Structures are given as structure tokens and as C-alpha cells.
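These notes concern the structure reproduced below.
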2 protein chains.
Amino acid sequence: MNLNEFCEAFECAVENSGSIVILPHVSADGDALGSAIAMGYFLISKNKNARVVLEEPIPDKYNFLNNDDFIELYEPVRGCAADMIIALDTGDINRLGARKTCFPADNTWNIDHHKTNTGFAKNNYVDTLASSTGEIVFRIMEKMDYHICCRPAEALFTAISTDTGGLRYSNTTPDSMRICASLLETGIDIAEISHRAFDMMPYPKVLLQGAAIDNMRLYFNGDLAVITLKSKDYDFLNGKEEYFDGIVNLTVNTEGVRAGALIRETSDGTIKVNLRSAEDGIDVSSLAGANNGGGHVRAAGFTDASRSLEQVKEYIMGYFAEIFGKNEH
Amino acid sequence: MNLNEFCEAFECAVENSGSIVILPHVSADGDALGSAIAMGYFLISKNKNARVVLEEPIPDKYNFLNNDDFIELYEPVRGCAADMIIALDTGDINRLGARKTCFPADNTWNIDHHKTNTGFAKNNYVDTLASSTGEIVFRIMEKMDYHICCRPAEALFTAISTDTGGLRYSNTTPDSMRICASLLETGIDIAEISHRAFDMMPYPKVLLQGAAIDNMRLYFNGDLAVITLKSKDYDFLNGKEEYFDGIVNLTVNTEGVRAGALIRETSDGTIKVNLRSAEDGIDVSSLAGANNGGGHVRAAGFTDASRSLEQVKEYIMGYFAEIFGKNEH
């Protein structure tokens with residue numbers, strides 16, 4: 001189904017539906033939230049009873065996207081039945097979490113950009129070349145002559161911007177940039193959105209960065225950076241594990257570092273390892289794979305329940321000693 | 001002079017010149033360097049003897065732009081005489097540093113986007129609405145039918161991207177994004193360029209961030225964040241003061257913080273203060289102004305040679321106690 005065909009069918013389904021529920025994936029990120037909220041505004045402009053039903057509350061950093069009118073938290077008692085259901089940015093039905101029980105066989109729609117999308121809905125539009133679901137939603141709205149501005153424009157910019165690392169990742173296409181140019185043209189404050197989406201950090205996350213830097217060491221003439229953290233080093237997080245997102249990047253963001261590892265003790269005593277490589281020639285996924293972990297050439301990880309922090313560190317150092325061809329004394 | 005008129009005159013001058021020298025401003029940043037290097041490639045494609053003459057060596061982070069063939073460091077003995085001289089991204093002649101001695105009265109060209117540009121050359125093209133000089137250079141080359149790709153495309157992307165904080169600052173226009181889209185279309189690796197320009201930090205700068213976080217404290221229920229650093233806290237910098245660039249932003253990048261200060265002891269014992277405000281209603285330039293400093297509403301600073309670190313901190317705390325309407329005990 002190409003975009004034109006999809007839009008025709010979609011438009012028809014929207015016209016024939018009174019109530020429409022929009023479902024972003026669990027642990028909704030900027031793309032899932034932004035796409036869903038923009039879609040909400042679009043459907044409301046068509047005089048539909050549209051609701052975005054979330055698995056969890058909107059994360060603080062995306063609170064500026066919140067709209068009490070049509071965004072609600074999923075309640076099993078209430079359910080989320082509707083004439084039409086649209087899943088957004090959701091690769092497979094399990095990514096709907098508890099809300100998958102209200103995904104019926106009929107009049108379900110799935111709009112996504114993930115390569116792994118299983119086509120779990122009755123109607124699927126998956127464009128794996130799009131940087132983000134936000135980009136696809138923009139194209140659908142454009143095709144349907146919706147005048148995008150204001151809040152929906154903010155939501156779509158947030159979607160595209162967060163999934164492309166602020167138009168920086170390699171999934172950014174010339175089209176992603178041109179769509180953002182159109183959104184910027186509507187007068188949205190991209191400096192403020194970018195500040196919230198990229199620069200702003202909760203205080204515990206700032207402290208975690210400090211702890212990570214304090215516990216980062218360079219080895220093999222700076223080729224390898226290793227951060228080790230005992231659970232007492234980050235007790236101020238009060239279990240908010242999501243703050244670890246991106247912390248391992250401190251290693252490969254250090255000039256000259258070619259590979260990095262974050263090795264940390266979790267509260268249950270197991271050791272969690274995040275690995276990064278700064279060049280395609282160094283494949284950290286093989287190290288992860290050899291330890292029942294997984295990932296990609298440049299970003300991988302594994303969990304170790306049998307060895308101590310020190311033992312895991314020694315093991316990793318041994319692995320990289322071979323790669324960098326020298327020993328650290 | 002509009003762009004068309006400028007390009008006509010510029011093209012004619014280039015045609016009639018054998019040797020052409022390109023001068024970016026002192027302490028050249030990404031925009032100055034990128035614009036100058038792109039211009040170098042352009043002029044060489046026209047079979048000109050073109051040279052980019054720099055005041056200082058290219059900073060490490062921009063080393064990927066380097067091209068030994070036509071980039072050289074200024075040497076007073078050698079000078080930089082040429083048939084035609086082009087200053088880029090340079091607001092006034094003093095920003096050429098020692099190289100201003102080779103800025104003759106005739107056949108000088110000044111291409112810039114700074115509001116404060118003094119029009120110091122014989123021929124000036126200043127577009128203060130452009131996000132960056134890179135954007136203007138792109139337009140000139142387009143107008144002159146230069147097929148931009150590869151290294152010049154990388155240089156122009158670096159120029160535009162760095163002057164807009166990666167297409168995030170409020171000076172970013174829809175056109176800045178569209179130009180970057182065109183540059184991306186030529187196949188350049190924007191992920192790698194962005195990594196180098198924005199994420200990568202020298203190890204001492206990473207350590208400085210750690211020290212700043214360790215010494216940051218929140219006051220007035222998190223409205224104010226203050227970082228205090230004694231000179232011994234950053235002796236690992238070996239005097240590289242430029243690493244302090246952006247460190248004060250850690251304060252206002254902390255969620256909830258409305259104003260921030262970095263107060264540090266310098267090697268000569270004077271106290272340097274950087275101030276940030278996270279909202280237009282809090283004007284830190286007035287605090288800076290009252291202490292013989294300067295700046296803008298949201299970013300300002302001053303130097304204090306008479307008080308100690310502790311005294312300056314107490315003074316600043318007192319100032320903000322008044323703003324936030326409560327005392328910290």
C-alpha cells in the first residue's frame with residue numbers, strides 16, 4: 001500500500017468513525033508521544049471523539065506536549081474501546097502492554113517506521129525509510145490537507161527531532177530536515193523544545209553523570225574508557241534505572257577513546273555491562289554475544305549474574321588488551 | 001547590495017584575480033573555519049591560487065576539515081598579500097588580529113552575518129538574518145552555479161550546524177534547515193560531523209564537567225544552582241581556560257533550575273562569575289552590570305578582583321534571595 005492508497009483508506013475510516021483511540025507504545029518516547037498527540041489534534045479537527053490512551057504518565061521532559069483534553073492514562077476498568085484504533089510507532093502488539101487487550105480484530109491501524117514491524121493490525125502503513133513515525137504522520141496530514149501549526153506542529157517537531165537525536169543521527173534524511181523546516185515555518189519555538197528534549201536533565205541524572213565521570217578511567221593510552229559503578233555510588237537515584245540511558249556514551253564522547261564500557265553493580269548484585277565502540281572496526285556485539293547479551297557493532301551489552309564487578313572488569317580489560325594489542329601495567 | 005548584485009561583482013573580481021587570500025576571524029569557530037574552507041575549495045575549482053590564512057592552528061575538534069593544500073598559519077614575515085582578500089564571519093577589522101596588516105584598501109571583501117558588522121572592506125555583503133556565514137556562502141556558491149559536494153559540503157554543514165547549535169538555537173531558520181537538507185543530499189556523514197562538533201570532548205573537559213557537577217549545589221528549593229570552583233579543583237586543565245566554555249550551562253540544564261551561577265577562582269586570585277537565567281523574567285545582565293560586567297538577559301558575567309570566592313558567593317546568594325523571595329537556611 002503506498003501513501004496515497006493508505007491515506008484514501010484512512011480518510012474513509014476516519015469519516016465513518018465516531019470515537020477513535022490512539023495508542024503509542026509502552027514507555028512512550030518523544031516520537032511515540034509526539035505522533036500520537038499530533039494525530040489527536042488532527043482527528044479532533046475532524047470533529048471526532050479522539051483520545052490518546054497512554055500506558056504510563058507522560059515523562060516530565062515531555063510535559064510541555066500534554067493536553068488534558070484528550071490524553072488519558074489507561075485504566076483496565078474503563079478500557080479503550082472505540083470505533084477505530086490507531087497504534088503509532090509500535091513494532092509489535094506486545095509493545096502496547098496492557099492496552100493490547102483493547103486492540104480488536106477490525107478497524108485497527110498501525111502506522112510505524114520500525115524495520116521489525118510485524119504488521120499486527122488490519123491496516124498497516126510501515127515506512128522503514130522514514131526517520132520517525134512523526135515524519136510519516138506529517139506526510140499523512142499533508143496529504144489530507146490538514147493545516148499543521150501550533151501544538152500539532154510542536155508535537156511533530158518533537159517526534160522527528162527526538163528520534164533523530166536532533167537531526168544528527170544517521171537516520172536523518174534530507175526529507176526529515178525539510179519537514180522540520182516546514183514545521184519551523186509555522187512559528188514554533190524549536191529552541192525551547194530542543195532545550196527540553198536534549199539539554200534538560202533531572203537533578204539525579206546530573207549527579208549520575210558526575211558519579212560516572214568520577215569513576216571513569218582511561219586504559220591502553222586512552223583507547224579504552226571504563227566506568228565502574230557500585231550500587232552505593234548511585235543510591236541517590238532511588239531505583240530510577242532509566243537515568244542510566246546514555247551514560248555509557250561519556251566513554252566514546254571522550255576525544256581519542258575508541259571503545260568504552262559502563263560496568264555497574266545493580267541492587268540485586270548482578271553486573272550490568274553497556275558497551276560502545278567508536279569505530280566500525282571494533283565490534284562490541286561479539287563481546288556481548290559471547291556473554292549471552294546482544295546489540296549492534298557499536299552499541300551492545302550483557303548482564304552477568306555469576307561474577308563480581310572486579311572480575312567482570314578484569315575480563316573486559318583482557319578482551320580489549322587483545323584488540324588494542326598491548327597490556328596495561 | 002542584494003545577493004544578485006553582490007554575486008555579479010564578486011564573480012568579476014574573482015575572474016580578474018590570480019591569487020586570493022581568505023581570512024576567517026581570530027579564534028576561528030566552526031562557522032568561520034567551515035565558510036573559509038568551503039570558499040577555498042570553490043576558488044580552487046576556478047583555478048585560482050587560493051589560500052586560507054589562519055591566526056591560530058585549527059582546533060582539534062575541527063581537524064577533520066583540515067586541508068594541507070590551501071590552509072596555512074599566518075606568518076608575519078610571509079604576510080598574506082594577494083590580488084583579492086576575503087574576510088569571512090568577521091564583524092570588524094580587529095577580529096582579523098595580526099592579519100589586519102595585510103588588509104589593503106582595495107579589492108577587499110567582507111562576507112558576514114553579524115549585526116555589529118562595521119562594513120570595513122571595500123565590498124561588503126552582510127546578511128544579519130542569516131543564521132551563519134556558512135548559509136550566505138552556500139547561497140553565493142549556488143548563485144554562481146558551483147556544484148557543492150564532498151569536502152566543501154562538509155565544511156558548509158559544519159559552519160551552519162555549529163552556529164545554530166545543531167539547528168537548535170533560535171537563530172535557526174527554515175532556510176538553514178533546507179540548506180542543510182541540500183548538503184545532506186550530497187552524501188556527507190552528518191552523524192560523524194555532529195559527533196565531532198557537539199559530543200566529543202577532550203578528557204580534561206570531561207573531568208571539568210565532573211568537577212563542576214561535584215561542586216554544584218541547589219538553593220531556594222532548586223530555583224538557583226551555584227557551581228563554585230577553587231583553582232585547585234581544576235588544576236588538571238593546565239591553564240586551558242577555553243574548556244570552561246558552556247560549563248555554566250550545567251546549572252540551567254538541571255530540571256527546575258531558573259537561574260545559575262558558576263563562580264570560580266582563577267590562577268591570579270580574581271573571581272570569575274558566569275550567570276545564566278532560564279526565563280526572560282530573570283535578568284542576570286543587571287547583576288553583571290552592577291559589578292562592571294556585561295551580557296544579555298539570559299547569559300552574563302563579571303570579574304571580581306577584590307572579594308574572595310566565599311564573599312562573591314554570599315553576595316550572589318543575597319541577590320537571588322531577593323528575586324526568589326525567600327531565605328535559605
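Each chain in the C-alpha cells gets a letter, A, B, ..., in the order shown, and its residues are numbered from 1; ligands are numbered from 1 in order too.
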
Quiz item: If we count only C-alpha atoms, which residues of chain A reach to within 9 Å of chain B? Please list them as a ChimeraX atom specification.
Solution: /A:61,166-178,180-185,189-196,199-203,205-207,209-214,250,252-256

Quiz prompt | alpha helix (DSSP H) residues, from DSSP on the backbone, in region 99-244 of chain B, as an NGL selection string | solution = :B and (133-143 or 150-163 or 174-185 or 190-194 or 203-214)

Quiz prompt | DSSP strand (DSSP E or B) residues within region 193-247 of chain A, as a ChimeraX atom specification | solution = /A:201,216-219,224-229

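Across the structure, CA of Val137 (chain A) and CA of Arg95 (chain A) are spaced 19.1 Å apart.
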
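Here CA of Asp68 (chain A) stands at a distance of 13.7 Å from CA of Ala36 (chain A).
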
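A straight line drawn from CA of Arg99 (chain B) to CA of Leu3 (chain B) is 27.1 Å long.
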
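Once Thr101 (chain B) and its same-chain neighbours fewer than 3 positions away are set aside, Leu23, Tyr74, Glu75, Pro76, Val77, Arg78, Gly79, Cys80, Ala81, Ile85, Ile93, Asn94, Arg95, Leu96, Gly97, Ala98, Pro104 and Ala105 of chain B remain within 12 Å of it when counting only C-alpha atoms.
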
Would you export the selected residues with C-alpha atoms as a compact mmCIF listing (two decimals), in the first residue's frame, please?
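part.txt, freshly written:
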```
# COMPACT_ATOMS: atom_id res chain seq x y z
CA LEU B 23 40.64 35.29 6.27
CA TYR B 74 49.79 33.28 9.36
CA GLU B 75 53.47 34.20 9.46
CA PRO B 76 54.23 37.95 9.68
CA VAL B 77 57.42 37.52 7.60
CA ARG B 78 55.49 35.91 4.80
CA GLY B 79 52.41 38.13 5.10
CA CYS B 80 49.24 37.42 3.21
CA ALA B 81 49.30 39.72 0.21
CA ILE B 85 41.28 39.38 0.05
CA ILE B 93 38.78 44.57 11.21
CA ASN B 94 40.26 43.99 14.66
CA ARG B 95 38.80 40.49 14.58
CA LEU B 96 41.47 39.74 11.97
CA GLY B 97 44.14 40.04 14.67
CA ALA B 98 47.68 40.32 13.35
CA PRO B 104 44.69 46.67 1.89
CA ALA B 105 42.34 49.43 0.83
```

Quiz item: Of the residues B:Asn66, B:Phe6, B:Glu265, B:Ala259, which is the one nearest to Tyr234 (chain B), using only C-alpha atoms?
Solution: B:Glu265

Quiz prompt | Contacts of region 55-59 of chain B within 7 Å, only C-alpha atoms, excl. fewer than 4 positions in-chain, as number ranges by chain | solution = B: 26-27, 63, 73-74

Let me see the file: selected residues, N, CA and C atoms, as an mmCIF file, in the first residue's frame.
```
data_model
loop_
_atom_site.group_PDB
_atom_site.id
_atom_site.type_symbol
_atom_site.label_atom_id
_atom_site.label_comp_id
_atom_site.auth_asym_id
_atom_site.auth_seq_id
_atom_site.Cartn_x
_atom_site.Cartn_y
_atom_site.Cartn_z
ATOM 1 N N VAL B 26 39.828 35.715 14.164
ATOM 2 C CA VAL B 26 40.713 35.088 15.161
ATOM 3 C C VAL B 26 39.900 34.099 15.998
ATOM 4 N N SER B 27 40.578 33.139 16.641
ATOM 5 C CA SER B 27 39.900 32.075 17.396
ATOM 6 C C SER B 27 38.760 31.518 16.561
ATOM 7 N N ASN B 63 39.608 19.331 13.181
ATOM 8 C CA ASN B 63 40.716 18.834 12.380
ATOM 9 C C ASN B 63 40.260 18.086 11.139
ATOM 10 N N LEU B 73 49.047 28.723 8.360
ATOM 11 C CA LEU B 73 49.079 29.561 9.546
ATOM 12 C C LEU B 73 49.761 30.878 9.174
ATOM 13 N N TYR B 74 49.228 31.972 9.687
ATOM 14 C CA TYR B 74 49.794 33.282 9.359
ATOM 15 C C TYR B 74 51.208 33.433 9.901
#
```

Quiz prompt | Distance query Pro152 (chain A) at most 9 Å, only C-alpha atoms, self and fewer than 4 positions along chain excluded, as a VMD selection string | solution = chain A and resid 34 to 35 37 to 42 148 156 to 157

Exercise. Please identify all polymer residues within 12 Å of region 296-309 of chain B, counting only C-alpha atoms, omitting same-chain residues fewer than 5 positions from it, and present them as a count of residues only.
Key: 48

Quiz item: Which is closest to Glu135 (chain A) among A:Asp92, A:Glu15, A:Asp31, A:Asp69, if we use only C-alpha atoms?
Solution: A:Asp31

Quiz prompt | Shell of 10 Å around Val14 (chain A), only C-alpha atoms, local chain residues under 5 positions omitted, as a PyMOL selection string | solution = chain A and resi 9+19-20+43+46+48+83-84+107

Restricted to C-alpha atoms, what would the selected residues look like written as a compact mmCIF listing (two decimals), in the first residue's frame?
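Saved to part-v4.txt:
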```txt
# COMPACT_ATOMS: atom_id res chain seq x y z
CA ALA A 9 -8.50 4.22 3.12
CA SER A 19 -14.77 7.54 18.52
CA ILE A 20 -11.09 6.96 17.79
CA LEU A 43 -8.78 13.92 14.48
CA LYS A 46 -12.34 16.45 12.08
CA LYS A 48 -14.02 13.08 16.14
CA ASP A 83 -14.87 2.62 16.55
CA MET A 84 -11.31 2.87 15.26
CA ASN A 107 -10.71 -1.35 12.08
```

Quiz item: Between B:Gly30, B:Gly318, B:Pro24, B:Gly294, which is the closest to Trp109 (chain B) once you count only C-alpha atoms?
Solution: B:Pro24

Quiz item: Between A:Met1, A:Val52, A:Leu237, A:Leu65, which is the closest to Ala197 (chain A) once you count only C-alpha atoms?
Solution: A:Leu65
